[in-house]
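Coordinates as given in final.tsv (TSV, C-alpha atoms):
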chain	number	residue	atom	x	y	z
A	43	MET	CA	-5.65	8.14	-38.40
A	44	PHE	CA	-9.14	7.32	-39.51
A	45	SER	CA	-12.21	6.76	-37.39
A	46	GLU	CA	-15.72	5.44	-37.96
A	47	ASN	CA	-18.21	6.47	-35.25
A	48	GLN	CA	-16.24	5.10	-32.31
A	49	SER	CA	-16.43	1.58	-33.67
A	50	LYS	CA	-13.17	1.41	-35.64
A	51	ALA	CA	-9.98	3.43	-35.87
A	52	ARG	CA	-6.47	3.10	-37.22
A	53	ILE	CA	-3.45	4.77	-35.61
A	54	GLY	CA	-0.17	4.05	-37.35
A	55	LYS	CA	0.08	0.28	-37.57
A	56	LEU	CA	-2.53	-0.27	-34.85
A	57	SER	CA	-6.22	-0.87	-35.30
A	58	ILE	CA	-9.00	-0.36	-32.77
A	59	ASP	CA	-12.25	-2.29	-33.04
A	60	ILE	CA	-14.95	-3.77	-30.83
A	61	LYS	CA	-15.03	-7.37	-29.65
A	62	ALA	CA	-17.23	-8.75	-26.85
A	63	ASN	CA	-18.43	-5.27	-25.82
A	64	ARG	CA	-14.85	-4.02	-25.28
A	65	TYR	CA	-12.49	-1.93	-27.37
A	66	ARG	CA	-9.68	-4.06	-28.75
A	67	ILE	CA	-6.31	-2.84	-29.99
A	68	ARG	CA	-4.56	-5.11	-32.50
A	69	PHE	CA	-1.11	-4.77	-34.03
A	70	THR	CA	1.95	-6.70	-35.15
A	71	TYR	CA	5.27	-5.95	-33.50
A	72	PRO	CA	7.95	-7.07	-34.19
A	73	LYS	CA	7.36	-8.83	-37.47
A	74	ASN	CA	5.30	-12.03	-37.25
A	75	SER	CA	4.32	-11.34	-33.62
A	76	SER	CA	0.70	-10.23	-33.33
A	77	HIS	CA	-0.75	-8.60	-30.21
A	78	GLU	CA	-4.33	-8.14	-29.09
A	79	LEU	CA	-5.22	-6.00	-26.10
A	80	ARG	CA	-8.73	-5.45	-24.76
A	81	ILE	CA	-8.55	-2.04	-23.22
A	82	ALA	CA	-11.95	-0.64	-22.14
A	83	GLN	CA	-15.73	-1.04	-22.16
A	84	VAL	CA	-17.63	0.37	-25.13
A	85	THR	CA	-18.48	3.85	-23.80
A	86	ASP	CA	-17.47	7.39	-24.67
A	87	ASP	CA	-14.79	7.31	-21.96
A	88	GLY	CA	-13.71	3.87	-23.13
A	89	TRP	CA	-13.24	5.21	-26.65
A	90	LEU	CA	-10.95	7.97	-25.37
A	91	THR	CA	-9.03	5.47	-23.25
A	92	ALA	CA	-8.56	3.17	-26.25
A	93	LEU	CA	-7.35	6.06	-28.43
A	94	ARG	CA	-4.87	7.23	-25.77
A	95	ALA	CA	-3.53	3.70	-25.30
A	96	ALA	CA	-3.21	3.17	-29.06
A	97	LYS	CA	-1.31	6.43	-29.50
A	98	LEU	CA	1.01	5.53	-26.61
A	99	ILE	CA	1.67	2.04	-28.00
A	100	ASN	CA	2.33	3.47	-31.47
A	101	GLN	CA	4.73	6.04	-30.02
A	102	ASP	CA	6.58	3.40	-27.97
A	103	ILE	CA	6.91	1.15	-31.02
A	104	ASP	CA	8.36	4.04	-33.02
A	105	LEU	CA	10.82	4.82	-30.21
A	106	GLY	CA	11.72	1.14	-29.70
A	107	ILE	CA	10.56	1.02	-26.07
A	108	PHE	CA	7.44	-1.14	-26.40
A	109	ASP	CA	6.34	-2.77	-23.11
A	110	ASP	CA	5.33	-6.33	-24.01
A	111	THR	CA	3.76	-6.87	-20.56
A	112	TYR	CA	1.15	-4.21	-21.48
A	113	ALA	CA	1.42	-2.82	-17.93
A	114	LYS	CA	2.18	0.65	-19.26
A	115	TYR	CA	-0.93	0.73	-21.44
A	116	SER	CA	-3.62	-0.88	-19.30
A	117	PRO	CA	-4.25	-0.64	-15.53
A	118	THR	CA	-5.77	-4.13	-15.61
A	119	HIS	CA	-2.60	-5.63	-17.03
A	120	ALA	CA	-0.49	-3.65	-14.56
A	121	LYS	CA	-2.51	-5.04	-11.65
A	122	ARG	CA	-2.24	-8.61	-12.96
A	123	LEU	CA	1.50	-8.24	-13.35
A	124	GLU	CA	1.81	-6.85	-9.83
A	125	LEU	CA	-0.19	-9.76	-8.40
A	126	ALA	CA	1.88	-12.29	-10.32
A	127	GLN	CA	5.10	-10.78	-8.99
A	128	LYS	CA	3.78	-10.80	-5.42
A	129	GLU	CA	2.96	-14.49	-5.69
A	130	THR	CA	6.36	-15.47	-7.08
A	131	VAL	CA	8.43	-13.36	-4.66
A	132	ARG	CA	7.45	-14.85	-1.35
A	133	SER	CA	10.02	-15.39	1.36
A	134	TYR	CA	9.50	-17.06	4.70
A	135	LYS	CA	11.24	-16.75	8.02
A	136	ILE	CA	12.19	-19.90	9.86
A	137	ILE	CA	9.49	-19.34	12.45
A	138	GLU	CA	6.81	-19.06	9.74
A	139	LEU	CA	7.92	-22.35	8.23
A	140	TRP	CA	7.91	-23.92	11.65
A	141	GLU	CA	4.38	-22.70	12.34
A	142	ARG	CA	3.21	-23.92	8.96
A	143	SER	CA	4.73	-27.36	9.50
A	144	ALA	CA	3.36	-27.52	13.05
A	145	GLY	CA	-0.09	-26.70	11.70
A	146	ALA	CA	0.22	-29.43	9.09
A	147	THR	CA	1.36	-32.01	11.60
A	148	SER	CA	-1.41	-31.12	14.04
A	149	ARG	CA	-3.98	-31.77	11.32
A	150	LEU	CA	-2.47	-35.22	10.94
A	151	ASN	CA	-2.47	-35.71	14.73
A	152	LEU	CA	1.31	-35.74	14.76
A	153	LYS	CA	3.41	-33.65	17.10
A	154	PRO	CA	6.91	-32.41	16.36
A	155	SER	CA	9.50	-34.05	18.58
A	156	LYS	CA	11.07	-32.16	21.49
A	157	ARG	CA	14.48	-32.57	19.87
A	158	LEU	CA	13.27	-30.94	16.64
A	159	LYS	CA	11.76	-28.04	18.59
A	160	LYS	CA	15.04	-27.57	20.49
A	161	ILE	CA	17.07	-27.50	17.27
A	162	ALA	CA	14.70	-24.97	15.71
A	163	SER	CA	14.80	-22.71	18.77
A	164	LEU	CA	18.64	-22.84	18.85
A	165	LYS	CA	18.79	-21.95	15.15
A	166	MET	CA	16.35	-19.11	15.71
A	167	ARG	CA	18.45	-17.78	18.60
A	168	ASP	CA	21.62	-17.95	16.46
A	169	TYR	CA	19.81	-16.31	13.56
A	170	TYR	CA	18.72	-13.27	15.54
A	171	GLN	CA	22.02	-12.69	17.36

Go through the file and emit its structure as structure tokens.
Amino acid sequence: MFSENQSKARIGKLSIDIKANRYRIRFTYPKNSSHELRIAQVTDDGWLTALRAAKLINQDIDLGIFDDTYAKYSPTHAKRLELAQKETVRSYKIIELWERSAGATSRLNLKPSKRLKKIASLKMRDYYQ
């Protein structure tokens, strides 16, 4: 490992430098696949955070357990991943769909037919029994 006044460092195959007032970790893993991860603001605490993350990434690469979502190395990436998963895993109950469609039809000045309401209520009753 070498370091130059908290502006550059090298840990294993990883390099830490500054770009746009943030510490950036760059590395290639596996071959021909480069990664760039902005990890922290340029502060004393940010420097320590960048060093810790770089050491963890280097260790995971050596052990063959590298997390290519970066969630393990950066809280920001973990939060983004969590939000993305919440958005993709959304399930609705029949009543929620009904309320959403009723809201859409009311905006268009349309009303669901009595027959459609009856069918939906019968399906709901069967669903919960």

Between atom CA of Thr85 of chain A and atom CA of Ser49 of chain A, distance in Å (one decimal):
10.3 Å

Tell me, counting only C-alpha atoms, for each residue of segment 67-94 of chain A within 10 Å of segment 101-124 of chain A, which pair of atoms is nearest and how far apart they are in Å to one decimal, in rows ordered by chain and increasing number, as a tab-separated table.
residue	atom	partner	partner_atom	distance
A:Tyr71	CA	A:Ile103	CA	7.7
A:Pro72	CA	A:Ile103	CA	8.9
A:His77	CA	A:Asp110	CA	9.0
A:Leu79	CA	A:Tyr112	CA	8.1
A:Arg80	CA	A:Ser116	CA	8.8
A:Ile81	CA	A:Ser116	CA	6.4
A:Ala82	CA	A:Ser116	CA	8.8
A:Thr91	CA	A:Ser116	CA	9.2
A:Ala92	CA	A:Tyr115	CA	9.3
A:Arg94	CA	A:Tyr115	CA	8.7

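With distances restricted to all atoms listed in the file, A:Lys55 is the closest residue to Lys73 of chain A from A:Lys55, A:Tyr134, A:Leu90, A:Ile99.
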
Neighbouring residues of Ile53 of chain A were defined as those with any atom within 12 Å, considering only C-alpha atoms; residues of the same chain fewer than 4 positions away were excluded. Please report them as a PyMOL selection string.
chain A and resi 43-45+57-59+67-69+92-101+103

Please report the interatomic distance between atom CA of Trp140 of chain A and atom CA of Gln127 of chain A in Å with one decimal.
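Computing the Euclidean distance for atom CA of Trp140 of chain A and atom CA of Gln127 of chain A yields 24.6 Å.
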
I need the residue nearest Asp87 of chain A from this list: A:Gln48, A:Ser163, A:Ser133, A:Ser143. Use all atoms listed in the file for the distance.
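Smallest separation from Asp87 of chain A among the options: A:Gln48.
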
Measure the distance from atom CA of Ala51 of chain A to atom CA of Thr70 of chain A in Å and round it to one decimal.
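Going from atom CA of Ala51 of chain A over to atom CA of Thr70 of chain A covers 15.7 Å.
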